[in-house]
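This report refers to the structure that appears directly beneath it.
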Amino acid sequence: MADLIFSLTTLCFSIYLFVGSSKLPKGVSNIPGPGFFPNLLAWVILFLSCALLLNGVWKIIKRKGQRIIRGRWKRTLLIIIGTFVYVLLWGKGNFFINTWLLLLFIQLTTKSKWYYALIGSTILSLSVYLLFGKIFHVMLF
């Protein structure tokens with residue numbers, strides 16, 4: 001079931017990549033333009049996601065008598081919702097605090113010990129902030 005969800009997500013991403021790369025020039029004759037690589041990448045992602053989709057459908061057909069949905073769906077959905085909220089808050093507030101809260105939430109949701117969650121989310125958030133914000137001068141928010 002996870003293969004199906006991931007393959008459908010990557011299929012949508014490849015379509016989005018096709019649309020985005022179609023706005024870029026393809027190139028002239030033997031000289032590839034800026035749209036060449038994103039278009040090539042979209043084709044590769046499309047092919048691999050279709051292969052994964054067919055594989056996922058084949059697995060479901062093979063075990064049609066078994067229970068299809070199993071596993072830790074509550075945790076997975078909580079993490080997806082948390083990540084979605086993080087994306088919605090992108091550009092609002094402080095990057096470090098938002099990232100720290102997301103990582104802490106994910107680690108606590110996956111039942112990490114609270115002190116590991118605090119230490120891990122602090123170190124990772126601070127590392128990303130210092131590396132990209134201060135060293136590479138990337139605007140994080």
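Chain labels run A, B, ... following the order of the structure tokens; each chain numbers its residues from 1, and ligands are numbered from 1 in the order shown.
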### Message
So that I can check the secondary structure, give me every residue of region 40-75 of chain A assigned helix (DSSP H, G or I) by backbone DSSP, as a ChimeraX atom specification.
### Response
/A:40-62,73-75
Closest-contact table, region 39-115 of chain A side, partner region 18-23 of chain A, 12 Å, counting only C-alpha atoms, as a Markdown table:
```
| residue | atom | partner | partner_atom | distance |
| --- | --- | --- | --- | --- |
| A:Asn39 | CA | A:Ser21 | CA | 5.6 |
| A:Leu40 | CA | A:Phe18 | CA | 9.1 |
| A:Leu41 | CA | A:Phe18 | CA | 9.0 |
| A:Ala42 | CA | A:Phe18 | CA | 5.9 |
| A:Trp43 | CA | A:Phe18 | CA | 8.1 |
| A:Val44 | CA | A:Phe18 | CA | 11.1 |
| A:Ile45 | CA | A:Phe18 | CA | 10.3 |
| A:Leu46 | CA | A:Phe18 | CA | 9.6 |
```
For the residues in the current selection, export C-alpha atoms as a tab-separated table (two decimals), in the first residue's frame.
```tsv
chain	number	residue	atom	x	y	z
A	39	ASN	CA	12.65	17.23	-18.76
A	40	LEU	CA	14.99	14.23	-18.70
A	41	LEU	CA	14.58	13.96	-14.93
A	42	ALA	CA	10.79	14.10	-15.29
A	43	TRP	CA	10.90	11.20	-17.78
A	44	VAL	CA	13.06	9.11	-15.43
A	45	ILE	CA	10.80	9.81	-12.44
A	46	LEU	CA	7.71	9.06	-14.54
```
### Task
Please measure the separation of CA of Thr109 (chain A) and CA of Arg75 (chain A), giving the value in Å to one decimal.
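So the answer is 6.3 Å.
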### Query
Do you know which residues are at most 8 Å from region 130-141 of chain A counting only C-alpha atoms, after dropping those on the same chain fewer than 6 positions away, and could you put them as an MDAnalysis selection string?
chainID A and resid 90:95
Store the residues picked out above in a file with C-alpha atoms, as a tab-separated table (two decimals), in the first residue's frame.
```tsv
chain	number	residue	atom	x	y	z
A	90	TRP	CA	6.97	28.18	5.59
A	91	GLY	CA	7.99	31.83	5.53
A	92	LYS	CA	6.07	32.64	8.69
A	93	GLY	CA	7.91	32.86	11.98
A	94	ASN	CA	11.43	31.65	12.61
A	95	PHE	CA	13.02	28.86	10.54
```
### Task
Have a look at A:Gly33, A:Leu52, A:Pro25, A:Trp58 and name the one nearest to Leu11 (chain A); count only C-alpha atoms.
A:Leu52
#### Entry: Residue with smallest distance to Thr10 (chain A) - pool A:Leu53, A:Ile80, A:Val28, A:Val128, counting only C-alpha atoms
A:Leu53
### Query
Can you list, as a ChimeraX atom specification, every protein, DNA or RNA residue that comes within 10 Å of Thr76 (chain A) when you count only C-alpha atoms, leaving out same-chain residues fewer than 5 positions away?
/A:71,81-82,106,109-110
Generate the output file for the selected residues, N, CA and C atoms, as a short mmCIF file (atom, residue, chain, number, x, y, z; two decimals), in the first residue's frame.
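Result file follows (part.cif):
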```
data_model
loop_
_atom_site.label_atom_id
_atom_site.label_comp_id
_atom_site.auth_asym_id
_atom_site.auth_seq_id
_atom_site.Cartn_x
_atom_site.Cartn_y
_atom_site.Cartn_z
N GLY A 71 -0.21 -1.88 9.69
CA GLY A 71 0.95 -1.08 10.02
C GLY A 71 0.60 0.07 10.93
N ILE A 81 0.61 15.03 8.42
CA ILE A 81 -0.11 16.25 8.81
C ILE A 81 0.86 17.27 9.40
N GLY A 82 1.78 16.82 10.25
CA GLY A 82 2.77 17.72 10.83
C GLY A 82 3.66 18.35 9.77
N ILE A 106 8.08 14.88 15.19
CA ILE A 106 8.29 13.61 14.49
C ILE A 106 8.95 12.60 15.41
N THR A 109 6.49 11.43 18.02
CA THR A 109 5.46 10.60 17.39
C THR A 109 5.98 9.19 17.13
N THR A 110 7.26 9.09 16.79
CA THR A 110 7.85 7.77 16.53
C THR A 110 8.35 7.11 17.81
#
```
Residues near Trp100 (chain A), anyone? I mean within 10 Å using only C-alpha atoms, not counting same-chain ones fewer than 3 positions away, as a PDB file with N, CA and C atoms, in the first residue's frame.
```pdb
ATOM      1  N   ASN A  94       9.990  31.878  12.622  1.00  0.00           N
ATOM      2  CA  ASN A  94      11.428  31.650  12.613  1.00  0.00           C
ATOM      3  C   ASN A  94      11.722  30.256  12.073  1.00  0.00           C
ATOM      4  N   PHE A  95      12.666  30.153  11.139  1.00  0.00           N
ATOM      5  CA  PHE A  95      13.017  28.857  10.541  1.00  0.00           C
ATOM      6  C   PHE A  95      13.482  27.867  11.597  1.00  0.00           C
ATOM      7  N   PHE A  96      14.378  28.306  12.465  1.00  0.00           N
ATOM      8  CA  PHE A  96      14.942  27.407  13.469  1.00  0.00           C
ATOM      9  C   PHE A  96      13.859  26.849  14.381  1.00  0.00           C
ATOM     10  N   ILE A  97      12.974  27.706  14.858  1.00  0.00           N
ATOM     11  CA  ILE A  97      11.925  27.258  15.789  1.00  0.00           C
ATOM     12  C   ILE A  97      10.940  26.328  15.088  1.00  0.00           C
ATOM     13  N   LEU A 103      10.769  18.592  13.933  1.00  0.00           N
ATOM     14  CA  LEU A 103      11.615  17.442  14.236  1.00  0.00           C
ATOM     15  C   LEU A 103      11.303  16.853  15.601  1.00  0.00           C
ATOM     16  N   LEU A 104      11.026  17.705  16.576  1.00  0.00           N
ATOM     17  CA  LEU A 104      10.637  17.215  17.903  1.00  0.00           C
ATOM     18  C   LEU A 104       9.327  16.445  17.816  1.00  0.00           C
ATOM     19  N   PHE A 105       8.365  16.984  17.074  1.00  0.00           N
ATOM     20  CA  PHE A 105       7.076  16.299  16.898  1.00  0.00           C
ATOM     21  C   PHE A 105       7.255  14.934  16.237  1.00  0.00           C
ATOM     22  N   ILE A 106       8.078  14.877  15.188  1.00  0.00           N
ATOM     23  CA  ILE A 106       8.294  13.608  14.490  1.00  0.00           C
ATOM     24  C   ILE A 106       8.952  12.595  15.408  1.00  0.00           C
ATOM     25  N   ALA A 117      14.890  13.143  21.694  1.00  0.00           N
ATOM     26  CA  ALA A 117      14.140  14.002  20.773  1.00  0.00           C
ATOM     27  C   ALA A 117      14.577  15.456  20.919  1.00  0.00           C
ATOM     28  N   LEU A 118      14.738  15.921  22.151  1.00  0.00           N
ATOM     29  CA  LEU A 118      15.181  17.299  22.371  1.00  0.00           C
ATOM     30  C   LEU A 118      16.585  17.532  21.826  1.00  0.00           C
ATOM     31  N   GLY A 120      18.354  15.646  19.632  1.00  0.00           N
ATOM     32  CA  GLY A 120      18.445  15.410  18.194  1.00  0.00           C
ATOM     33  C   GLY A 120      17.838  16.525  17.371  1.00  0.00           C
ATOM     34  N   SER A 121      16.660  16.985  17.750  1.00  0.00           N
ATOM     35  CA  SER A 121      16.023  18.048  16.984  1.00  0.00           C
ATOM     36  C   SER A 121      16.780  19.367  17.139  1.00  0.00           C
ATOM     37  N   THR A 122      17.357  19.619  18.300  1.00  0.00           N
ATOM     38  CA  THR A 122      18.137  20.839  18.487  1.00  0.00           C
ATOM     39  C   THR A 122      19.403  20.813  17.636  1.00  0.00           C
ATOM     40  N   ILE A 123      20.119  19.692  17.676  1.00  0.00           N
ATOM     41  CA  ILE A 123      21.370  19.599  16.906  1.00  0.00           C
ATOM     42  C   ILE A 123      21.097  19.670  15.409  1.00  0.00           C
ATOM     43  N   LEU A 124      20.097  18.949  14.934  1.00  0.00           N
ATOM     44  CA  LEU A 124      19.811  18.951  13.498  1.00  0.00           C
ATOM     45  C   LEU A 124      19.312  20.314  13.016  1.00  0.00           C
ATOM     46  N   SER A 125      18.415  20.929  13.757  1.00  0.00           N
ATOM     47  CA  SER A 125      17.907  22.247  13.363  1.00  0.00           C
ATOM     48  C   SER A 125      19.015  23.289  13.366  1.00  0.00           C
ATOM     49  N   LEU A 126      19.840  23.263  14.399  1.00  0.00           N
ATOM     50  CA  LEU A 126      20.937  24.214  14.493  1.00  0.00           C
ATOM     51  C   LEU A 126      21.958  23.989  13.387  1.00  0.00           C
TER      52      LEU A 126
END
```
### Message
Just to confirm, what's the straight-line distance from CA of Leu54 (chain A) to CA of Cys12 (chain A) in Å (one decimal)?
### Response
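Separating CA of Leu54 (chain A) from CA of Cys12 (chain A) is a distance of 15.4 Å.
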